[in-house]
Structures are given as structure tokens and as C-alpha cells.
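Trainee: Just so it is clear, I am handing over my_file_13.pdb, which has PDB, C-alpha atoms.
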ATOM      1  CA  GLY I   1     -26.258  74.404 -89.264
ATOM      2  CA  PRO I   2     -26.130  78.004 -88.153
ATOM      3  CA  LEU I   3     -23.636  80.267 -89.838
ATOM      4  CA  SER I   4     -21.387  80.971 -86.904
ATOM      5  CA  GLU I   5     -20.644  77.300 -86.142
ATOM      6  CA  ARG I   6     -19.614  76.205 -89.635
ATOM      7  CA  ARG I   7     -16.001  75.794 -90.588
ATOM      8  CA  LEU I   8     -14.425  78.021 -93.214
ATOM      9  CA  MET I   9     -14.435  75.371 -95.940
ATOM     10  CA  ASP I  10     -18.179  74.835 -95.539
ATOM     11  CA  VAL I  11     -19.074  78.518 -95.941
ATOM     12  CA  ARG I  12     -20.308  79.572 -99.362
ATOM     13  CA  LEU I  13     -18.667  82.469-101.123
ATOM     14  CA  GLY I  14     -21.689  84.729-100.869
ATOM     15  CA  GLU I  15     -21.951  84.186 -97.144
ATOM     16  CA  LEU I  16     -18.333  85.039 -96.474
ATOM     17  CA  PRO I  17     -18.855  88.607 -95.150
ATOM     18  CA  ALA I  18     -21.625  87.412 -92.858
ATOM     19  CA  TRP I  19     -19.420  84.620 -91.596
ATOM     20  CA  LEU I  20     -16.564  87.038 -91.005
ATOM     21  CA  ALA I  21     -18.938  89.239 -89.016
ATOM     22  CA  THR I  22     -19.710  86.401 -86.632
ATOM     23  CA  CYS I  23     -16.021  85.841 -85.933
ATOM     24  CA  ASP I  24     -14.588  86.888 -82.618
ATOM     25  CA  PHE I  25     -11.801  89.403 -83.232
ATOM     26  CA  SER I  26     -10.974  90.260 -79.640
ATOM     27  CA  PRO I  27      -7.473  89.260 -78.441
ATOM     28  CA  GLN I  28      -8.841  86.281 -76.533
ATOM     29  CA  GLY I  29     -10.880  85.275 -79.541
ATOM     30  CA  LEU I  30      -7.907  85.532 -81.873
ATOM     31  CA  LEU I  31      -5.715  83.619 -79.452
ATOM     32  CA  GLY I  32      -8.374  80.949 -79.162
ATOM     33  CA  GLY I  33      -8.625  80.767 -82.906
ATOM     34  CA  VAL I  34      -4.868  80.392 -83.276
ATOM     35  CA  GLN I  35      -4.806  77.694 -80.618
ATOM     36  CA  LYS I  36      -7.625  75.819 -82.280
ATOM     37  CA  ALA I  37      -5.930  76.008 -85.688
ATOM     38  CA  TRP I  38      -2.639  74.804 -84.257
ATOM     39  CA  SER I  39      -4.231  71.924 -82.359
ATOM     40  CA  ASN I  40      -6.132  70.880 -85.484
ATOM     41  CA  TYR I  41      -2.965  70.913 -87.576
ATOM     42  CA  TYR I  42      -1.002  69.130 -84.850
ATOM     43  CA  ASP I  43      -3.562  66.371 -84.430
ATOM     44  CA  LYS I  44      -3.858  65.847 -88.146
ATOM     45  CA  TYR I  45      -0.224  65.783 -89.323
ATOM     46  CA  ILE I  46       2.155  65.425 -86.353
ATOM     47  CA  ASN I  47       0.451  63.575 -83.498
ATOM     48  CA  VAL I  48       0.089  60.284 -85.363
ATOM     49  CA  LYS I  49       1.675  56.888 -85.012
ATOM     50  CA  ARG I  50       3.467  56.812 -88.348
ATOM     51  CA  GLY I  51       3.956  60.314 -89.600
ATOM     52  CA  GLY I  52       6.234  61.253 -92.435
ATOM     53  CA  PRO I  53       8.163  64.354 -93.515
ATOM     54  CA  ALA I  54       4.874  66.085 -94.317
ATOM     55  CA  GLY I  55       4.269  67.344 -90.777
ATOM     56  CA  ILE I  56       7.246  69.634 -90.350
ATOM     57  CA  SER I  57       7.999  70.215 -94.059
ATOM     58  CA  MET I  58       4.768  72.166 -94.400
ATOM     59  CA  LEU I  59       5.700  74.251 -91.362
ATOM     60  CA  LEU I  60       9.149  74.955 -92.831
ATOM     61  CA  ALA I  61       7.696  75.862 -96.211
ATOM     62  CA  GLY I  62       5.264  78.226 -94.536
ATOM     63  CA  TYR I  63       8.128  79.756 -92.576
ATOM     64  CA  CYS I  64      10.120  80.213 -95.801
ATOM     65  CA  LEU I  65       7.247  81.932 -97.534
ATOM     66  CA  LEU I  66       6.542  84.147 -94.531
ATOM     67  CA  SER I  67      10.136  85.263 -94.172
ATOM     68  CA  TYR I  68      10.352  85.914 -97.924
ATOM     69  CA  GLY I  69       7.284  88.070 -97.658
ATOM     70  CA  TRP I  70       8.692  90.011 -94.681
ATOM     71  CA  ASN I  71      12.020  90.619 -96.404
ATOM     72  CA  TYR I  72      10.659  91.293 -99.880
ATOM     73  CA  GLN I  73      11.240  95.024 -99.637
ATOM     74  CA  HIS I  74      14.862  94.491 -98.723
ATOM     75  CA  ILE I  75      15.505  91.746-101.270
ATOM     76  CA  SER I  76      14.065  93.609-104.211
ATOM     77  CA  LYS I  77      16.349  96.609-103.734
ATOM     78  CA  ILE I  78      18.963  96.978-106.437
ATOM     79  CA  SER I  79      21.762  97.419-103.914
ATOM     80  CA  PHE I  80      21.045  93.967-102.503
ATOM     81  CA  LEU I  81      20.801  92.311-105.923
ATOM     82  CA  VAL I  82      24.102  93.756-107.129
ATOM     83  CA  SER I  83      26.056  93.072-103.964
ATOM     84  CA  VAL I  84      26.011  89.249-104.323
TER      85      VAL I  84
ATOM     86  CA  VAL Y   1     -32.060  60.952 -53.742
ATOM     87  CA  LEU Y   2     -30.490  60.244 -57.127
ATOM     88  CA  HIS Y   3     -32.168  62.004 -59.983
ATOM     89  CA  SER Y   4     -32.575  59.146 -62.382
ATOM     90  CA  THR Y   5     -33.452  61.484 -65.222
ATOM     91  CA  ARG Y   6     -30.116  63.304 -65.112
ATOM     92  CA  THR Y   7     -27.840  62.292 -67.998
ATOM     93  CA  LEU Y   8     -24.429  61.197 -66.860
ATOM     94  CA  HIS Y   9     -21.355  62.034 -68.922
ATOM     95  CA  ALA Y  10     -23.515  62.985 -71.853
ATOM     96  CA  THR Y  11     -21.491  65.818 -73.286
ATOM     97  CA  GLN Y  12     -18.182  65.952 -71.487
ATOM     98  CA  GLN Y  13     -15.209  64.152 -72.981
ATOM     99  CA  CYS Y  14     -14.255  61.058 -71.041
ATOM    100  CA  LEU Y  15     -10.513  61.081 -70.428
ATOM    101  CA  ALA Y  16      -9.914  57.373 -69.931
ATOM    102  CA  PRO Y  17      -9.370  55.208 -71.795
ATOM    103  CA  LEU Y  18      -7.883  57.594 -74.348
ATOM    104  CA  PRO Y  19      -8.736  56.917 -77.970
ATOM    105  CA  PRO Y  20      -5.706  55.502 -79.810
ATOM    106  CA  LEU Y  21      -3.657  57.777 -82.058
ATOM    107  CA  PRO Y  22      -4.512  57.638 -85.769
ATOM    108  CA  GLU Y  23      -2.214  55.395 -87.757
ATOM    109  CA  LYS Y  24      -1.251  57.791 -90.526
ATOM    110  CA  GLY Y  25      -1.387  61.558 -90.808
ATOM    111  CA  GLY Y  26      -3.348  63.473 -93.390
ATOM    112  CA  GLU Y  27      -2.393  62.693 -96.967
ATOM    113  CA  VAL Y  28       0.108  65.152 -98.387
ATOM    114  CA  ARG Y  29       1.324  65.178-101.963
ATOM    115  CA  TYR Y  30       4.994  65.904-102.646
ATOM    116  CA  GLY Y  31       5.409  66.508 -98.919
ATOM    117  CA  LEU Y  32       4.081  70.049 -99.229
ATOM    118  CA  ILE Y  33       0.490  70.264-100.449
ATOM    119  CA  PRO Y  34      -2.344  68.458 -98.670
ATOM    120  CA  GLU Y  35      -4.553  66.111-100.633
ATOM    121  CA  GLU Y  36      -7.605  68.202 -99.742
ATOM    122  CA  PHE Y  37      -6.416  70.892-102.137
ATOM    123  CA  PHE Y  38      -6.359  68.476-105.067
ATOM    124  CA  GLN Y  39      -9.751  67.091-104.069
ATOM    125  CA  PHE Y  40     -11.076  70.606-103.760
ATOM    126  CA  LEU Y  41     -10.112  71.421-107.367
ATOM    127  CA  TYR Y  42     -10.935  68.019-108.864
ATOM    128  CA  PRO Y  43     -14.646  68.582-109.670
ATOM    129  CA  LYS Y  44     -13.971  71.755-111.610
ATOM    130  CA  THR Y  45     -10.604  71.120-113.280
ATOM    131  CA  GLY Y  46      -9.954  67.376-113.193
ATOM    132  CA  VAL Y  47      -6.619  65.854-112.351
ATOM    133  CA  THR Y  48      -4.227  68.311-113.997
ATOM    134  CA  GLY Y  49      -5.878  71.411-112.591
ATOM    135  CA  PRO Y  50      -3.690  71.955-109.542
ATOM    136  CA  TYR Y  51      -0.530  71.382-111.543
ATOM    137  CA  MET Y  52      -1.588  73.929-114.106
ATOM    138  CA  LEU Y  53      -2.417  76.319-111.312
ATOM    139  CA  GLY Y  54       0.996  75.748-109.752
ATOM    140  CA  THR Y  55       2.865  76.247-113.027
ATOM    141  CA  GLY Y  56       0.903  79.341-113.875
ATOM    142  CA  LEU Y  57       1.466  80.881-110.460
ATOM    143  CA  LEU Y  58       5.177  80.133-110.628
ATOM    144  CA  LEU Y  59       5.600  81.726-114.059
ATOM    145  CA  TYR Y  60       3.552  84.723-112.958
ATOM    146  CA  PHE Y  61       5.714  85.272-109.896
ATOM    147  CA  LEU Y  62       8.895  84.918-111.912
ATOM    148  CA  SER Y  63       7.805  87.202-114.737
ATOM    149  CA  LYS Y  64       6.437  89.915-112.490
ATOM    150  CA  GLU Y  65       9.541  89.730-110.293
ATOM    151  CA  ILE Y  66       7.412  89.047-107.241
ATOM    152  CA  TYR Y  67       9.898  86.239-106.678
ATOM    153  CA  VAL Y  68      13.372  87.623-107.355
ATOM    154  CA  ILE Y  69      16.057  85.170-108.455
ATOM    155  CA  ASN Y  70      19.172  85.856-106.449
ATOM    156  CA  HIS Y  71      21.961  83.925-104.771
ATOM    157  CA  GLU Y  72      19.517  82.594-102.217
ATOM    158  CA  THR Y  73      17.620  80.783-104.980
ATOM    159  CA  VAL Y  74      20.717  78.758-105.806
ATOM    160  CA  ALA Y  75      21.320  78.067-102.126
ATOM    161  CA  ALA Y  76      17.699  77.001-101.648
ATOM    162  CA  ALA Y  77      17.889  74.681-104.641
ATOM    163  CA  CYS Y  78      21.049  72.973-103.326
ATOM    164  CA  ILE Y  79      19.638  72.619 -99.810
ATOM    165  CA  LEU Y  80      16.373  71.236-101.130
ATOM    166  CA  SER Y  81      18.100  68.662-103.270
ATOM    167  CA  VAL Y  82      20.257  67.505-100.377
ATOM    168  CA  ILE Y  83      17.243  67.274 -98.075
ATOM    169  CA  ILE Y  84      15.208  65.313-100.583
ATOM    170  CA  TYR Y  85      18.089  62.945-101.245
ATOM    171  CA  GLY Y  86      18.571  62.381 -97.509
ATOM    172  CA  VAL Y  87      14.890  61.764 -96.866
ATOM    173  CA  LYS Y  88      14.559  59.395 -99.787
ATOM    174  CA  LYS Y  89      17.589  57.371 -98.765
ATOM    175  CA  TYR Y  90      17.328  57.209 -94.960
ATOM    176  CA  GLY Y  91      13.648  57.832 -94.443
ATOM    177  CA  SER Y  92      12.612  54.238 -93.953
ATOM    178  CA  ASP Y  93      15.459  53.510 -91.524
ATOM    179  CA  VAL Y  94      14.606  56.472 -89.364
ATOM    180  CA  ALA Y  95      10.953  55.468 -89.460
ATOM    181  CA  ALA Y  96      11.824  51.925 -88.355
ATOM    182  CA  PHE Y  97      13.967  53.259 -85.516
ATOM    183  CA  ALA Y  98      11.204  55.563 -84.316
ATOM    184  CA  ASP Y  99       8.727  52.702 -84.535
ATOM    185  CA  LYS Y 100      11.017  50.570 -82.427
ATOM    186  CA  LEU Y 101      11.229  53.289 -79.772
ATOM    187  CA  ASN Y 102       7.468  53.541 -79.746
ATOM    188  CA  GLU Y 103       7.137  49.786 -79.468
ATOM    189  CA  GLU Y 104       9.437  49.738 -76.469
ATOM    190  CA  LYS Y 105       7.443  52.458 -74.749
ATOM    191  CA  VAL Y 106       4.175  50.664 -75.362
ATOM    192  CA  ALA Y 107       5.685  47.343 -74.286
ATOM    193  CA  LYS Y 108       6.898  48.871 -71.019
ATOM    194  CA  ALA Y 109       3.505  50.327 -70.271
ATOM    195  CA  LEU Y 110       1.863  47.008 -71.119
ATOM    196  CA  ALA Y 111       4.319  45.184 -68.887
ATOM    197  CA  VAL Y 112       3.466  47.486 -66.006
ATOM    198  CA  LYS Y 113      -0.224  46.915 -66.606
ATOM    199  CA  ASN Y 114       0.223  43.137 -66.727
ATOM    200  CA  GLU Y 115       2.325  43.227 -63.573
ATOM    201  CA  ALA Y 116      -0.378  45.160 -61.820
ATOM    202  CA  ILE Y 117      -3.046  42.736 -63.018
ATOM    203  CA  LYS Y 118      -1.024  39.728 -61.872
ATOM    204  CA  ASP Y 119      -0.357  41.251 -58.491
ATOM    205  CA  LEU Y 120      -4.019  41.983 -58.036
ATOM    206  CA  GLU Y 121      -4.935  38.451 -59.042
ATOM    207  CA  THR Y 122      -2.540  36.924 -56.511
ATOM    208  CA  ALA Y 123      -3.961  39.323 -53.940
ATOM    209  CA  ILE Y 124      -7.447  38.071 -54.793
ATOM    210  CA  GLU Y 125      -6.353  34.453 -54.366
ATOM    211  CA  GLN Y 126      -4.742  35.154 -51.052
ATOM    212  CA  GLU Y 127      -7.847  36.969 -49.925
ATOM    213  CA  LYS Y 128      -9.963  33.954 -50.836
ATOM    214  CA  LYS Y 129      -7.582  31.727 -48.909
ATOM    215  CA  GLU Y 130      -7.889  33.960 -45.880
ATOM    216  CA  GLN Y 131     -11.641  33.747 -46.133
ATOM    217  CA  TRP Y 132     -11.399  29.955 -46.228
ATOM    218  CA  ARG Y 133      -9.160  30.050 -43.179
ATOM    219  CA  VAL Y 134     -11.679  32.133 -41.299
ATOM    220  CA  GLU Y 135     -14.143  29.266 -41.567
ATOM    221  CA  GLY Y 136     -11.854  27.165 -39.400
ATOM    222  CA  ARG Y 137     -12.361  29.494 -36.493
ATOM    223  CA  ASN Y 138     -14.732  27.039 -34.867
ATOM    224  CA  TYR Y 139     -12.078  24.359 -34.447
ATOM    225  CA  LEU Y 140      -9.692  26.885 -32.987
ATOM    226  CA  PHE Y 141     -12.199  27.997 -30.390
ATOM    227  CA  ASP Y 142     -13.095  24.409 -29.493
ATOM    228  CA  ALA Y 143      -9.454  23.610 -28.832
ATOM    229  CA  LYS Y 144      -9.085  26.722 -26.740
ATOM    230  CA  ARG Y 145     -12.196  25.897 -24.767
ATOM    231  CA  ASN Y 146     -10.858  22.407 -24.092
ATOM    232  CA  ASN Y 147      -7.580  23.837 -22.900
ATOM    233  CA  ILE Y 148      -9.285  26.186 -20.493
ATOM    234  CA  ALA Y 149     -11.547  23.435 -19.181
ATOM    235  CA  MET Y 150      -8.534  21.257 -18.530
ATOM    236  CA  LEU Y 151      -6.773  24.037 -16.697
ATOM    237  CA  LEU Y 152      -9.788  24.627 -14.506
ATOM    238  CA  GLU Y 153     -10.088  20.904 -13.800
ATOM    239  CA  THR Y 154      -6.445  20.538 -12.780
ATOM    240  CA  ASN Y 155      -6.628  23.596 -10.579
ATOM    241  CA  TYR Y 156      -9.738  22.302  -8.863
ATOM    242  CA  ARG Y 157      -8.165  18.919  -8.260
ATOM    243  CA  GLU Y 158      -5.013  20.441  -6.879
ATOM    244  CA  ARG Y 159      -6.985  22.466  -4.388
ATOM    245  CA  LEU Y 160      -9.063  19.448  -3.465
ATOM    246  CA  LEU Y 161      -5.882  17.504  -2.749
ATOM    247  CA  MET Y 162      -4.544  20.337  -0.662
ATOM    248  CA  VAL Y 163      -7.721  20.475   1.386
ATOM    249  CA  TYR Y 164      -7.623  16.748   1.952
ATOM    250  CA  ASN Y 165      -3.991  16.864   3.066
ATOM    251  CA  GLU Y 166      -4.585  19.678   5.473
ATOM    252  CA  VAL Y 167      -7.606  18.027   7.052
ATOM    253  CA  LYS Y 168      -5.752  14.738   7.377
ATOM    254  CA  LYS Y 169      -2.874  16.506   9.085
ATOM    255  CA  ARG Y 170      -5.138  18.052  11.599
ATOM    256  CA  LEU Y 171      -6.962  14.806  12.309
ATOM    257  CA  ASP Y 172      -3.667  12.942  12.656
ATOM    258  CA  TYR Y 173      -2.574  15.493  15.152
ATOM    259  CA  GLN Y 174      -5.654  14.975  17.217
ATOM    260  CA  VAL Y 175      -5.196  11.194  17.100
ATOM    261  CA  ALA Y 176      -1.552  11.453  18.067
ATOM    262  CA  MET Y 177      -2.469  13.723  20.933
ATOM    263  CA  GLN Y 178      -4.986  11.237  22.266
ATOM    264  CA  ASN Y 179      -2.579   8.323  21.934
ATOM    265  CA  LEU Y 180       0.115  10.251  23.679
ATOM    266  CA  LYS Y 181      -2.195  11.194  26.483
ATOM    267  CA  ARG Y 182      -3.375   7.607  27.026
ATOM    268  CA  GLN Y 183       0.162   6.299  26.941
ATOM    269  CA  LYS Y 184       1.312   8.836  29.443
ATOM    270  CA  GLU Y 185      -1.611   8.010  31.706
ATOM    271  CA  GLN Y 186      -0.843   4.288  31.406
ATOM    272  CA  ASP Y 187       2.810   4.751  32.173
ATOM    273  CA  HIS Y 188       2.095   6.987  35.057
ATOM    274  CA  MET Y 189      -0.453   4.576  36.514
ATOM    275  CA  ILE Y 190       1.899   1.597  36.159
ATOM    276  CA  GLN Y 191       4.645   3.495  37.854
ATOM    277  CA  TRP Y 192       2.355   4.602  40.642
ATOM    278  CA  VAL Y 193       1.059   1.071  41.162
ATOM    279  CA  GLU Y 194       4.576  -0.398  41.294
ATOM    280  CA  LYS Y 195       5.731   2.269  43.652
ATOM    281  CA  ASN Y 196       2.827   1.649  45.950
ATOM    282  CA  VAL Y 197       3.256  -2.118  45.824
ATOM    283  CA  ILE Y 198       6.946  -1.865  46.597
ATOM    284  CA  GLN Y 199       6.144   0.502  49.447
ATOM    285  CA  SER Y 200       3.557  -1.854  50.773
ATOM    286  CA  ILE Y 201       5.991  -4.741  51.076
ATOM    287  CA  THR Y 202       6.915  -4.550  54.847
ATOM    288  CA  PRO Y 203      10.128  -6.118  56.148
ATOM    289  CA  GLN Y 204       8.067  -8.755  57.986
ATOM    290  CA  GLN Y 205       6.474  -9.984  54.789
ATOM    291  CA  GLN Y 206       9.814  -9.930  53.091
ATOM    292  CA  LYS Y 207      11.323 -12.300  55.682
ATOM    293  CA  GLU Y 208       8.384 -14.662  55.400
ATOM    294  CA  SER Y 209       8.492 -14.755  51.635
ATOM    295  CA  VAL Y 210      12.248 -15.407  51.650
ATOM    296  CA  ALA Y 211      11.821 -18.372  54.169
ATOM    297  CA  LYS Y 212       9.009 -19.758  52.031
ATOM    298  CA  CYS Y 213      11.169 -19.537  48.939
ATOM    299  CA  ILE Y 214      13.962 -21.403  50.709
ATOM    300  CA  LEU Y 215      11.574 -24.181  51.779
ATOM    301  CA  ASP Y 216      10.241 -24.453  48.283
ATOM    302  CA  LEU Y 217      13.711 -24.635  46.884
ATOM    303  CA  LYS Y 218      14.623 -27.429  49.330
ATOM    304  CA  ALA Y 219      11.585 -29.363  48.306
ATOM    305  CA  LEU Y 220      12.352 -28.859  44.690
ATOM    306  CA  SER Y 221      15.949 -29.934  45.161
ATOM    307  CA  LYS Y 222      14.751 -33.085  46.969
ATOM    308  CA  SER Y 223      12.416 -33.937  44.141
ATOM    309  CA  ALA Y 224      15.116 -33.142  41.661
ATOM    310  CA  GLN Y 225      17.589 -35.435  43.463
ATOM    311  CA  ALA Y 226      15.022 -38.122  43.528
ATOM    312  CA  ALA Y 227      14.445 -37.689  39.824
ATOM    313  CA  VAL Y 228      18.117 -37.946  39.084
TER     314      VAL Y 228
END
How would this structure read if it were set down as C-alpha cells?

Mentor:
Amino acid sequence: GPLSERRLMDVRLGELPAWLATCDFSPQGLLGGVQKAWSNYYDKYINVKRGGPAGISMLLAGYCLLSYGWNYQHISKISFLVSV
Amino acid sequence: VLHSTRTLHATQQCLAPLPPLPEKGGEVRYGLIPEEFFQFLYPKTGVTGPYMLGTGLLLYFLSKEIYVINHETVAAACILSVIIYGVKKYGSDVAAFADKLNEEKVAKALAVKNEAIKDLETAIEQEKKEQWRVEGRNYLFDAKRNNIAMLLETNYRERLLMVYNEVKKRLDYQVAMQNLKRQKEQDHMIQWVEKNVIQSITPQQQKESVAKCILDLKALSKSAQAAV
């Protein structure tokens, strides 16, 4: 189908800039994108009859990685490494 | 005018009945990495590709000190081991408990639905019975008509009787009046006749009648003596 309606996984590598250009980067667009991503994730891994640990474990892992990335500057300082 | 060419509910999502929830979530390997990632790399690198990628990335991060080993690494390792042990040991029990809760919820909703259906069915039966009863209206109205006719009849007869009694009373009165009048006239005439007769008896006639009576008596006594 047309470029703007395809999902990210179906876009070829060469078409990536064009696909990014069709994205909606206004605040409402970003918010809508975040909502869509969350609802997709929720419907796939959490809102099921017999889910397992996978639903929240992925969220926790993502949170760990994100917080590590935010605190990397502070962690990698020598003063921090020596103090413990 | 209904436009028959208009498509109804063609594009909009229909909210009821809701589609049932999927049974299982998306496949996730080792609880962290979705299956799609492995499938994504399978055509190019086969089965061991993602694992090689993971190992390589890990060693790269460690060697380049992008991931710094500090006290938090030890803490994370202990926490992870405890979590994995807990999940492995009690996972199935918790899952069974959650399933039971779900079952109860669904059973309650089903019970409500069945209750509602039963109530509606009994309502339908009662409605049908009422409709059957309505057919008996005719008999009811016939009985009522008979009642009213009887009432009218009795009322009419009562009034007829009353009329008859009243007329008879009046006629009896007239008859009694006539009788009384005739009787009074009779009595009065008899009295008047007697009075006049008694008045007309003069003393002369009285003497003569007395002498005649005596003579008769003597004759009678003579004949009586002779008989004895």
C-alpha cells in the first residue's frame, strides 16, 4: 500500500527517510503515536486470558535500561565507582 | 424514505458482542525477547544468530565499559535469581488462582444472563396465557348481559305488582264505599218504615188487636184442653 500507511517493520531500508517524512511529529501526533504503541503492546502481551511473566517483565527490563541510560554519566564517574 | 443503497455499519466497529480475548499473549523467549526478533533474524543467520548477537553485544558493552560493573550489578544478579526462582516455583499456582478468579467472574455474568433469559421466558409464557384469557371475554360479557337482563326483568315485575296493588286498593275503596252507602240507606229506610208503622198504630187498633188475641188464645186453649 501507500508509504504513509505501512507499519515500521514493513518499510524497506531505502524508504526509511521517506517514511519518516510522512510521520506526524506535532505534539498531538506524537501523543497519538505513543497511545497507539501502548495499546498495541497492551493488547498483545497483557490483555489476554492466560498471560505469563512476559507482559510486565519486558516493561521492567525496558525501565531498567532506560534508567541506566539516564544515570550513565553519574555511574561512570570515578567518585561513584570508588565510593562503594 | 430509506436509502436502500446506503451501507449500514460497513466501516465502524460494532461494540457488541465484543470479540473474546485472545487465549495466549505474544510468544516471548526467556521472558524478555519477543519471538518476532528471532523470526526476523532466522532467514539470514539461522537459529544461533540472535544468541551470537546477544553474546557479542554483551562482550562489547563490557569491554568498552558502556556497562560498568559496580555494586548494583551484584544486587541485580541476586534480585534476578530470586525473581526467577519465585516465578518458576509458584508461577503455575498463581496462574491457577487467577484463572479461578476469572472463571468466577465469567460464571457470575453468565448466571445473570441466564437469569434474565429465564425471566423473559416466564414473562413470555404469562403473556401468552393472558392472550388466551382474553379470548374468554365473550363468556364474561354473556354472563354480564344475562345479569342485567334479569335485573331489568325483576324491576319491571316489581313495578307491575305495585301498580296492580295500587289499582286494587282504589277499586276496593270504591266498592266499600258503595256497600256502605247501600247499607246505610237500607238501615235508614228500615228504621223509617218501623217508626212510621209504630206511629200509625192508633190506640183504637191496639185495643181491637189485643181483644182479638185474647179470643184466639181462648179458642186455642179450648182446643188444647180438648186435645189433652

Trainee: Kindly provide the residues of chain I that approach chain Y to within 7 Å, each paired with its closest atom pair and their distance in Å to one decimal, based on only C-alpha atoms, listed by chain and increasing number, as JSON lines.

Mentor:
{"residue": "I:Lys44", "atom": "CA", "partner": "Y:Gly25", "partner_atom": "CA", "distance": 5.6}
{"residue": "I:Tyr45", "atom": "CA", "partner": "Y:Gly25", "partner_atom": "CA", "distance": 4.6}
{"residue": "I:Ile46", "atom": "CA", "partner": "Y:Gly25", "partner_atom": "CA", "distance": 6.9}
{"residue": "I:Val48", "atom": "CA", "partner": "Y:Pro22", "partner_atom": "CA", "distance": 5.3}
{"residue": "I:Lys49", "atom": "CA", "partner": "Y:Glu23", "partner_atom": "CA", "distance": 5.0}
{"residue": "I:Arg50", "atom": "CA", "partner": "Y:Lys24", "partner_atom": "CA", "distance": 5.3}
{"residue": "I:Gly51", "atom": "CA", "partner": "Y:Gly25", "partner_atom": "CA", "distance": 5.6}
{"residue": "I:Pro53", "atom": "CA", "partner": "Y:Gly31", "partner_atom": "CA", "distance": 6.4}
{"residue": "I:Ala54", "atom": "CA", "partner": "Y:Gly31", "partner_atom": "CA", "distance": 4.7}
{"residue": "I:Ser57", "atom": "CA", "partner": "Y:Leu32", "partner_atom": "CA", "distance": 6.5}
{"residue": "I:Met58", "atom": "CA", "partner": "Y:Leu32", "partner_atom": "CA", "distance": 5.3}
{"residue": "I:Ser76", "atom": "CA", "partner": "Y:Val68", "partner_atom": "CA", "distance": 6.8}
{"residue": "I:Leu81", "atom": "CA", "partner": "Y:Asn70", "partner_atom": "CA", "distance": 6.7}
{"residue": "I:Val84", "atom": "CA", "partner": "Y:His71", "partner_atom": "CA", "distance": 6.7}

Trainee: Please report the interatomic distance between CA of Asp10 (chain I) and CA of Gln28 (chain I) in Å with one decimal.

Mentor: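 Computing it gives 24.1 Å between the two atoms.
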
Trainee: Smallest atom-to-atom distance to Ile75 (chain I): which of Y:Thr48, Y:Gln39, Y:Gln126, Y:Thr73, using only C-alpha atoms?

Mentor: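 Using only C-alpha atoms, the shortest distance to Ile75 (chain I) belongs to Y:Thr73.
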